[in-house]
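S.K.: Sharing work-v3.cif, mmCIF, C-alpha atoms:
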```cif
data_entry
loop_
_atom_site.label_atom_id
_atom_site.label_comp_id
_atom_site.auth_asym_id
_atom_site.auth_seq_id
_atom_site.Cartn_x
_atom_site.Cartn_y
_atom_site.Cartn_z
CA MET I 1 0.00 0.00 0.00
CA ILE I 2 1.25 3.47 -0.87
CA ARG I 3 0.05 6.37 1.23
CA LYS I 4 0.98 9.91 2.13
CA TYR I 5 3.68 10.32 4.78
CA THR I 6 2.84 11.27 8.35
CA LYS I 7 5.25 12.59 10.99
CA SER I 8 4.99 9.27 12.85
CA ASP I 9 6.82 7.65 9.89
CA ASP I 10 10.02 9.63 10.51
CA ASN I 11 12.04 6.94 12.29
CA GLU I 12 11.17 4.21 9.79
CA ILE I 13 11.86 6.51 6.85
CA ILE I 14 15.26 7.51 8.21
CA GLU I 15 16.23 3.90 8.86
CA THR I 16 15.03 2.89 5.38
CA TRP I 17 17.03 5.74 3.87
CA TYR I 18 20.15 4.85 5.87
CA GLU I 19 20.07 1.08 5.23
CA ALA I 20 19.41 1.51 1.52
CA SER I 21 21.99 4.30 1.16
CA VAL I 22 24.79 2.27 2.69
CA VAL I 23 24.08 -0.64 0.32
CA ALA I 24 23.51 1.42 -2.84
CA HIS I 25 26.35 3.86 -2.28
CA SER I 26 29.24 1.70 -1.08
CA PHE I 27 31.60 4.14 -2.85
CA ILE I 28 30.80 6.77 -0.18
CA PRO I 29 31.99 6.19 3.41
CA GLU I 30 29.24 4.92 5.74
CA ASP I 31 29.97 7.66 8.28
CA PHE I 32 28.78 10.25 5.73
CA TRP I 33 25.34 8.61 5.70
CA ALA I 34 25.24 8.38 9.49
CA SER I 35 26.08 12.09 9.76
CA GLU I 36 23.19 12.99 7.43
CA LYS I 37 20.38 11.38 9.48
CA GLU I 38 19.46 14.57 11.33
CA ASN I 39 19.47 16.58 8.10
CA ILE I 40 16.94 14.14 6.70
CA ARG I 41 14.75 14.51 9.78
CA LYS I 42 15.03 18.27 10.31
CA LYS I 43 15.84 19.74 6.90
CA TYR I 44 14.49 17.55 4.10
CA LEU I 45 11.39 15.73 5.38
CA PRO I 46 9.70 18.97 6.49
CA ILE I 47 10.00 20.52 3.00
CA ALA I 48 9.28 17.42 0.94
CA GLU I 49 6.07 15.85 -0.29
CA THR I 50 6.59 12.25 0.74
CA TYR I 51 4.78 8.98 0.08
CA VAL I 52 5.51 5.69 1.82
CA ALA I 53 5.12 2.08 0.79
CA GLU I 54 3.88 -0.14 3.60
CA LYS I 55 3.91 -3.90 3.99
CA ASN I 56 2.20 -5.41 7.03
CA GLY I 57 2.11 -2.03 8.78
CA ARG I 58 5.83 -1.38 8.26
CA VAL I 59 7.37 1.31 6.06
CA VAL I 60 9.50 -0.55 3.50
CA GLY I 61 10.10 2.30 1.06
CA PHE I 62 9.42 5.94 0.36
CA ILE I 63 9.69 8.66 -2.26
CA SER I 64 10.07 12.37 -1.58
CA LEU I 65 9.44 15.25 -3.97
CA ILE I 66 10.79 18.74 -3.65
CA ASP I 67 8.91 20.59 -6.36
CA ASN I 68 9.65 18.50 -9.49
CA LEU I 69 12.76 16.83 -8.06
CA ILE I 70 12.68 13.30 -6.69
CA GLY I 71 14.87 14.11 -3.71
CA ALA I 72 14.74 10.57 -2.37
CA LEU I 73 13.56 7.13 -3.40
CA PHE I 74 14.66 4.33 -1.10
CA VAL I 75 13.45 0.81 -0.44
CA LEU I 76 14.71 -1.44 2.35
CA PRO I 77 17.22 -3.90 0.84
CA PRO I 78 15.13 -7.07 1.51
CA TYR I 79 12.19 -5.48 -0.36
CA GLN I 80 14.14 -4.25 -3.40
CA ARG I 81 13.45 -5.67 -6.87
CA LYS I 82 9.85 -6.45 -5.92
CA GLY I 83 8.18 -3.52 -7.73
CA ILE I 84 7.96 -1.17 -4.75
CA GLY I 85 10.28 1.48 -6.20
CA SER I 86 8.48 1.36 -9.54
CA ALA I 87 5.11 1.73 -7.81
CA LEU I 88 6.39 4.76 -5.90
CA VAL I 89 7.63 6.37 -9.12
CA GLU I 90 4.30 5.65 -10.83
CA THR I 91 2.53 7.37 -7.92
CA VAL I 92 4.48 10.61 -8.30
CA LYS I 93 4.23 10.56 -12.10
CA THR I 94 0.54 11.32 -11.59
CA LEU I 95 1.38 14.45 -9.60
CA ARG I 96 3.77 16.40 -11.86
CA LYS I 97 4.10 17.26 -15.55
CA GLU I 98 7.83 16.53 -15.45
CA LEU I 99 10.14 14.98 -12.91
CA PHE I 100 13.87 15.19 -12.34
CA VAL I 101 16.17 12.98 -10.31
CA GLU I 102 19.89 13.03 -9.56
CA VAL I 103 21.77 9.74 -9.29
CA TYR I 104 25.40 9.06 -8.59
CA LYS I 105 27.40 8.18 -11.68
CA ASP I 106 28.80 5.24 -9.68
CA ASN I 107 25.30 3.93 -8.90
CA VAL I 108 24.68 2.01 -12.12
CA ASN I 109 21.67 0.19 -10.63
CA ALA I 110 19.87 3.50 -9.97
CA GLN I 111 20.66 4.73 -13.48
CA GLN I 112 19.20 1.54 -14.95
CA PHE I 113 16.15 1.70 -12.69
CA TYR I 114 15.29 5.26 -13.71
CA SER I 115 15.99 4.50 -17.38
CA ASN I 116 13.55 1.58 -17.12
CA CYS I 117 11.00 4.02 -15.64
CA GLY I 118 11.38 6.26 -18.70
CA PHE I 119 13.89 8.84 -17.46
CA SER I 120 16.70 10.07 -19.70
CA PHE I 121 20.00 11.81 -18.95
CA VAL I 122 20.10 15.60 -19.24
CA ASN I 123 23.09 16.88 -17.25
CA LYS I 124 25.85 16.11 -14.77
CA LYS I 125 27.51 17.93 -11.88
CA ILE I 126 29.83 17.33 -8.95
CA GLN I 127 28.16 17.00 -5.54
CA SER I 128 29.99 19.36 -3.21
CA GLU I 129 29.41 17.25 -0.08
CA THR I 130 30.98 14.07 -1.48
CA GLY I 131 32.97 15.12 -4.55
CA HIS I 132 31.15 12.46 -6.59
CA THR I 133 29.50 13.04 -9.96
CA LEU I 134 25.71 13.26 -10.06
CA LEU I 135 23.79 12.57 -13.25
CA GLU I 136 20.54 14.46 -13.70
CA MET I 137 17.72 12.54 -15.34
CA LYS I 138 14.31 13.75 -16.49
CA ILE I 139 10.94 12.42 -17.57
CA GLU I 140 7.88 14.16 -18.97
CA THR I 141 4.79 12.49 -17.56
CA THR I 142 1.23 12.10 -18.71
CA TYR I 143 0.04 14.39 -15.89
CA PRO I 144 -3.15 16.13 -17.02
#
```
Do you think you could lay out the structure here as structure tokens?
M.R.:
Amino acid sequence: MIRKYTKSDDNEIIETWYEASVVAHSFIPEDFWASEKENIRKKYLPIAETYVAEKNGRVVGFISLIDNLIGALFVLPPYQRKGIGSALVETVKTLRKELFVEVYKDNVNAQQFYSNCGFSFVNKKIQSETGHTLLEMKIETTYP
């Protein structure tokens, strides 16, 4: 089930984000992700439009929009490759005319996932916090 985020989801969202980030971004030191937990809680969740995927009453994935940017899409590792991420993307495609996402150049799985969802590459930049290259991807949706 996909539903709109509530404040009571914060702890599960942050743990989902952390666990998935460490696995997906092994090229970035784990302590970077640990140091970002409070930023997620205090800086990003309050400004984002977030939807969660639940299984048996537990948050197993989420997607966050900041305007037209997918600022986060994370699924707990045991639940990955089961259609949850795709379902979350399909949910937000109904909300915006176009969507953007930034993925690490070193995260080939994320690039493939977004390509499979219909996104295409438009730009690249260096992320100041990590020094790693981010690839910007975009999709135009069928939003009314």
S.K.: For the structure provided, state which residues fall under the PyMOL selection byres ((chain I and resi 18) around 12), and present them as a tab-separated table (two decimals) with C-alpha atoms, in the frame of the given file.
M.R.:
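File produced: part_29.tsv:
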```tsv
chain	number	residue	atom	x	y	z
I	11	ASN	CA	12.04	6.94	12.29
I	12	GLU	CA	11.17	4.21	9.79
I	13	ILE	CA	11.86	6.51	6.85
I	14	ILE	CA	15.26	7.51	8.21
I	15	GLU	CA	16.23	3.90	8.86
I	16	THR	CA	15.03	2.89	5.38
I	17	TRP	CA	17.03	5.74	3.87
I	19	GLU	CA	20.07	1.08	5.23
I	20	ALA	CA	19.41	1.51	1.52
I	21	SER	CA	21.99	4.30	1.16
I	22	VAL	CA	24.79	2.27	2.69
I	23	VAL	CA	24.08	-0.64	0.32
I	24	ALA	CA	23.51	1.42	-2.84
I	25	HIS	CA	26.35	3.86	-2.28
I	26	SER	CA	29.24	1.70	-1.08
I	30	GLU	CA	29.24	4.92	5.74
I	31	ASP	CA	29.97	7.66	8.28
I	32	PHE	CA	28.78	10.25	5.73
I	33	TRP	CA	25.34	8.61	5.70
I	34	ALA	CA	25.24	8.38	9.49
I	35	SER	CA	26.08	12.09	9.76
I	36	GLU	CA	23.19	12.99	7.43
I	37	LYS	CA	20.38	11.38	9.48
I	38	GLU	CA	19.46	14.57	11.33
I	39	ASN	CA	19.47	16.58	8.10
I	40	ILE	CA	16.94	14.14	6.70
I	41	ARG	CA	14.75	14.51	9.78
I	61	GLY	CA	10.10	2.30	1.06
I	72	ALA	CA	14.74	10.57	-2.37
I	73	LEU	CA	13.56	7.13	-3.40
I	74	PHE	CA	14.66	4.33	-1.10
I	75	VAL	CA	13.45	0.81	-0.44
I	76	LEU	CA	14.71	-1.44	2.35
I	77	PRO	CA	17.22	-3.90	0.84
```
S.K.: So how many Å separate atom CA of Thr142 of chain I and atom CA of Asp9 of chain I, to one decimal?
M.R.: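 The value is 29.5 Å.
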S.K.: Could you pull the residues within 12 Å of Arg96 of chain I, counting only C-alpha atoms, minus those fewer than 6 positions along the same chain, as a list in words?
M.R.: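 Listing them by chain and then by number gives Glu49, Leu65, Ile66, Asp67, Asn68, Leu69, Ile70, Val89, Glu90, Lys138, Ile139, Glu140, Thr141, Thr142, Tyr143 and Pro144 of chain I.
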S.K.: Rank I:Ser64, I:Thr133, I:Gln112, I:Arg58 by their smallest atom-to-atom distance to Leu99 of chain I, using all atoms listed in the file, and report the top residue only.
M.R.: I:Ser64
S.K.: Given the file shown, enumerate the residues that the PyMOL selection byres ((chain I and resi 50) around 7) captures and present them as JSON, numbers by chain.
M.R.: {"I": [4, 5, 48, 49, 51, 52, 62, 63, 64, 65]}
S.K.: Any chance you can output those residues with C-alpha atoms as a compact mmCIF listing (two decimals), keeping the file's coordinate frame?
M.R.:
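Produced file again_17.txt, reproduced below:
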```txt
# COMPACT_ATOMS: atom_id res chain seq x y z
CA LYS I 4 0.98 9.91 2.13
CA TYR I 5 3.68 10.32 4.78
CA ALA I 48 9.28 17.42 0.94
CA GLU I 49 6.07 15.85 -0.29
CA TYR I 51 4.78 8.98 0.08
CA VAL I 52 5.51 5.69 1.82
CA PHE I 62 9.42 5.94 0.36
CA ILE I 63 9.69 8.66 -2.26
CA SER I 64 10.07 12.37 -1.58
CA LEU I 65 9.44 15.25 -3.97
```
S.K.: At what distance in Å, to one decimal, does atom CA of Met137 of chain I lie from atom CA of Thr91 of chain I?
M.R.: 17.7 Å
S.K.: Out of I:Glu102, I:Thr94, I:Gly71, I:Met1, which residue has the shortest atom-to-atom distance to Gln127 of chain I when counting all atoms listed in the file?
M.R.: I:Glu102
S.K.: For this structure, which residues satisfy the selection - the PyMOL selection byres ((chain I and resi 108) around 12) - when it is evaluated on the file as given? I want them as a list in words.
M.R.: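 What the PyMOL selection byres ((chain I and resi 108) around 12) grabs from the file is Ala24, His25, Ser26, Phe27, Val103, Tyr104, Lys105, Asp106, Asn107, Asn109, Ala110, Gln111, Gln112, Phe113, Tyr114, Ser115, Leu134 and Leu135 of chain I.
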S.K.: Atom CA of Glu136 of chain I and atom CA of Asn123 of chain I are how many Å apart?
M.R.: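 Distance reported for this atom pair: 5.0 Å.
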S.K.: Every residue with an atom at most 9 Å from (5.9, -4.7, -0.4) (file coordinates; only C-alpha atoms) is what I'm after, so could you write them as a PDB file with C-alpha atoms, in the frame of the given file?
M.R.:
```pdb
ATOM      1  CA  MET I   1       0.000   0.000   0.000  1.00  0.00           C
ATOM      2  CA  ALA I  53       5.120   2.080   0.790  1.00  0.00           C
ATOM      3  CA  GLU I  54       3.880  -0.140   3.600  1.00  0.00           C
ATOM      4  CA  LYS I  55       3.910  -3.900   3.990  1.00  0.00           C
ATOM      5  CA  ASN I  56       2.200  -5.410   7.030  1.00  0.00           C
ATOM      6  CA  VAL I  59       7.370   1.310   6.060  1.00  0.00           C
ATOM      7  CA  VAL I  60       9.500  -0.550   3.500  1.00  0.00           C
ATOM      8  CA  GLY I  61      10.100   2.300   1.060  1.00  0.00           C
ATOM      9  CA  TYR I  79      12.190  -5.480  -0.360  1.00  0.00           C
ATOM     10  CA  GLN I  80      14.140  -4.250  -3.400  1.00  0.00           C
ATOM     11  CA  LYS I  82       9.850  -6.450  -5.920  1.00  0.00           C
ATOM     12  CA  GLY I  83       8.180  -3.520  -7.730  1.00  0.00           C
ATOM     13  CA  ILE I  84       7.960  -1.170  -4.750  1.00  0.00           C
TER      14      ILE I  84
END
```
S.K.: Once 8 Å is added on each side, what are the centre and the three edge lengths, in Å to one decimal, of the axis-aligned box enclosing the listed atoms of segment 70-88 of chain I? Present them as AutoDock Vina command-line options.
M.R.:
```
--center_x 11.2 --center_y 3.5 --center_z -3.6 --size_x 28.1 --size_y 37.2 --size_z 27.9
```
S.K.: Which of these residues is nearest to Phe121 of chain I, using all atoms listed in the file: I:Phe100, I:Gly85, I:Lys43, I:Lys7?
M.R.: I:Phe100
S.K.: So which one's closest to Ile2 of chain I, I:Val101, I:Val122, I:Ile28, I:Leu88? Using all atoms listed in the file, please.
M.R.: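 Residue with the minimum atom-to-atom distance to Ile2 of chain I: I:Leu88.
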